[in-house]
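Asks: Take this structure, written in structure tokens, and hold onto it; I'll ask about it next.
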Amino acid sequence: MKFVLKDYEDLKARVDSMSHESLLRAVCCPDMIPANNKECYTECVGHYLASGTKEDNKSLVDKIYSEFGERLITADFENGAGTGISGATRFPEMMAFGEVDDPDLAYKMGEICAAEARPLGYTWTLAPCVDLAINKLNPIVNLRCQGDDVQKAIRIGGAYMRGLQDNGIIATLKHFPGDGVGFYDQHLTVAENTLSKEEWDNTYGKIYQTLINDGAMAVMPGHISLGAYDQLDEKMDMYPPATLSKNLLTGLLKNQLGFEGIIVSDALNMGGHCGFINFYDGCCRFLESGGDCLLFVHPSEEFLREMTDRINSGKLCVETLKNRAYRMLCFARQYHENPKPIPTISNVESQEISNEVVEKACKIIRDRNGVIPFDVKKDTKILHLAIHNNYHQNDVDRITQELKIYSDHVDFMSDPGPGKILGTIKNGGYDLVVCTIGCWLSYGTNAIKLYGPTARNMMNGWTKMGVPVVFVNFGNPWLADEYKATIDTLINTYGCTDHTAETVVKTICK
């Protein structure tokens, strides 16, 4: 059932009595680092907590609640609480859930997220990502969404949303009007969704309409333009990002799709927003366009002064500001007045669910020469080769550790260069090479693929020297297409958890 924001007469009276500075604080959601944060922000309804330990997070949340009452604590739990809380259950990426295509498992991840995050005071997450991986070179989406299938996005993204909200964590659909079509990184510049009206209606439009009708409580617009539904900014000679577009936030999202929940911006320090317009002018325009909550905006003295100047000059209407502050206060009140029971799930059960997703998502994408399973014995000589940008070294090291369970002769090399790889394989007497390869998504790198000097490791023809090579890919889901000739045997994992290395090595070895 569609979410409807309630009215509260006492909050209307409170807002009417608030100063401009208090109203501005109410619509800010500052990002805070639990380990070293020394102060809380008075009157902010939303607080974003960056990744930290359970102890640090709980300490800061307790301080926020004890001082300020009904507040909303959020983070990017895109694939469970382990995304943002050290020690919580690690799940693979959302694309792994798309590969498994089991809504019950996606729902269960939402339930586990609530069980782990709510005792620490969290009430809200900026997830799920319901974008579509249409463009394989898109620098933002890829593994963060379920894939490129509209119905699967509705099934899997919707199941995660319900798992969260049924158990007391507010979900947020992102990144409206839809990332994954263009080549640009909204952290750096305005991303573009170039679909026609008909194409958008049948893809992203269908996803948002279905999930809004199914109860989505919040939507995050990205710094993404949608020319099919907008007007060209003649001065800039381009379409504005959704965070600056009344046509998209009010005309499309609110009026056409009927969304009545909270609109929280993506981080407003991104280049796709404040590279298009002055930062403070952009905050005003987001609110005037229909937005409610300014993400990663700190209500500092400078911010309050700059925004007050803009109120006085007419760039931000006081009635608009009152409305947005009122909506945020109502949103928090509505959440807290009917608390849902915190689900009780043991650590063992949570890990079993995560492991099930890992095992079902781990796929042999290609095996031209029938290498897998490989008959590994204690005297089998194995080279573990790492060619990667941005992987967590601990996850790579686990592959080496798991291989050593099967063989007493495992060597490791990382980014040695193509000449050294070729020489080592020709002269090393190895029976098997296991190569962890690829790239984690990281803004500013422009694509989830090998890049720069690291990519040159794929030269010199070392994969065709007669020694079996099994490539293991945690990240780029389209590695098989890019290296169609070079890679004969490939395993995709669609993310990495503490169980991934064990699953991969069991897949390789008899």
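Chain identifiers are assigned as A, B, and so on, following the order in which chains appear in the structure tokens; residues are numbered from 1 within each chain, and ligands are numbered from 1 in order of appearance.
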Show me, as a list of chain:residue names, the residues that have an atom within 9 Å of Cys435 (chain A) when counting only C-alpha atoms, minus same-chain residues fewer than 2 positions from it.
Replies: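 After dropping sequence-adjacent residues, the list is A:Leu383, A:His384, A:Leu385, A:Ala386, A:Ile387, A:Val433, A:Ile437, A:Val469, A:Val470, A:Phe471, A:Val472, A:Asn473.
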Asks: Give me every helix (DSSP H, G or I) residue in region 175-339 of chain A, going by DSSP on the backbone, as a PyMOL selection string.
Replies: chain A and resi 197-202+204-213+227-229+242-244+246-256+271-274+279-289+301-313+318-337
Asks: For Ile262 (chain A), find every residue with an atom within 7 Å (counting only C-alpha atoms), except residues of its own chain fewer than 3 positions away, and show them as a ChimeraX atom specification.
Replies: /A:217-219,292
Asks: Report as JSON, numbers by chain: the residues of region 31-232 of chain A with a DSSP assignment of strand (DSSP E), based on the backbone of this structure.
Replies: {"A": [31, 32, 46, 47, 48, 49, 52, 53, 72, 73, 74, 75, 85, 86, 124, 125, 172, 173, 174, 175, 176, 191, 192, 193, 218, 219, 220, 221, 224, 225, 226]}
Asks: From the list A:Asn476, A:Ser289, A:Thr497, A:Thr125, which residue is nearest Arg144 (chain A) when using only C-alpha atoms?
Replies: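 Result for the nearest residue to Arg144 (chain A): A:Asn476.
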Asks: Excluding region 268-280 of chain A and residues on its chain fewer than 4 positions from it, collect all residues at most 6 Å away from it, counting only C-alpha atoms, and give them as an MDAnalysis selection string.
Replies: chainID A and resid 186:190 223
Asks: Counting only C-alpha atoms, what is within 10 Å of Pro119 (chain A), bar same-chain residues fewer than 6 positions away, as a list in words?
Replies: Lys54, Lys58, Ile342 and Pro343 of chain A
Asks: When you look at Thr503 (chain A) with a cut-off of 12 Å (counting only C-alpha atoms), what residues show up, excluding the ones that are within fewer than 3 positions of it in the same chain? I need them as a ChimeraX atom specification.
Replies: /A:355-364,398-399,402-403,472,491-493,496-500,506-509
Asks: Need the shell around region 450-466 of chain A: protein/DNA/RNA residues with any atom at most 6 Å away, counting only C-alpha atoms. Skip same-chain ones fewer than 3 positions apart. Format as a list of chain:residue names?
Replies: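 Once the adjacent positions are removed, what remains is A:Gly417, A:Pro418, A:Leu422, A:Gly438, A:Cys439.
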Asks: Kindly save the residues from that selection, with C-alpha atoms included, as an mmCIF file, in the first residue's frame.
Replies:
data_model
loop_
_atom_site.group_PDB
_atom_site.id
_atom_site.type_symbol
_atom_site.label_atom_id
_atom_site.label_comp_id
_atom_site.auth_asym_id
_atom_site.auth_seq_id
_atom_site.Cartn_x
_atom_site.Cartn_y
_atom_site.Cartn_z
ATOM 1 C CA GLY A 417 53.657 -6.791 -15.102
ATOM 2 C CA PRO A 418 53.052 -8.867 -18.237
ATOM 3 C CA LEU A 422 54.954 -14.624 -18.900
ATOM 4 C CA GLY A 438 39.104 -6.942 -11.984
ATOM 5 C CA CYS A 439 38.007 -3.799 -10.222
#
Asks: From the list A:Glu111, A:Asp185, A:Asp101, A:Asp7, which residue is nearest Gln334 (chain A) when using only C-alpha atoms?
Replies: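 Of the candidates, the smallest distance to Gln334 (chain A) is held by A:Asp7.
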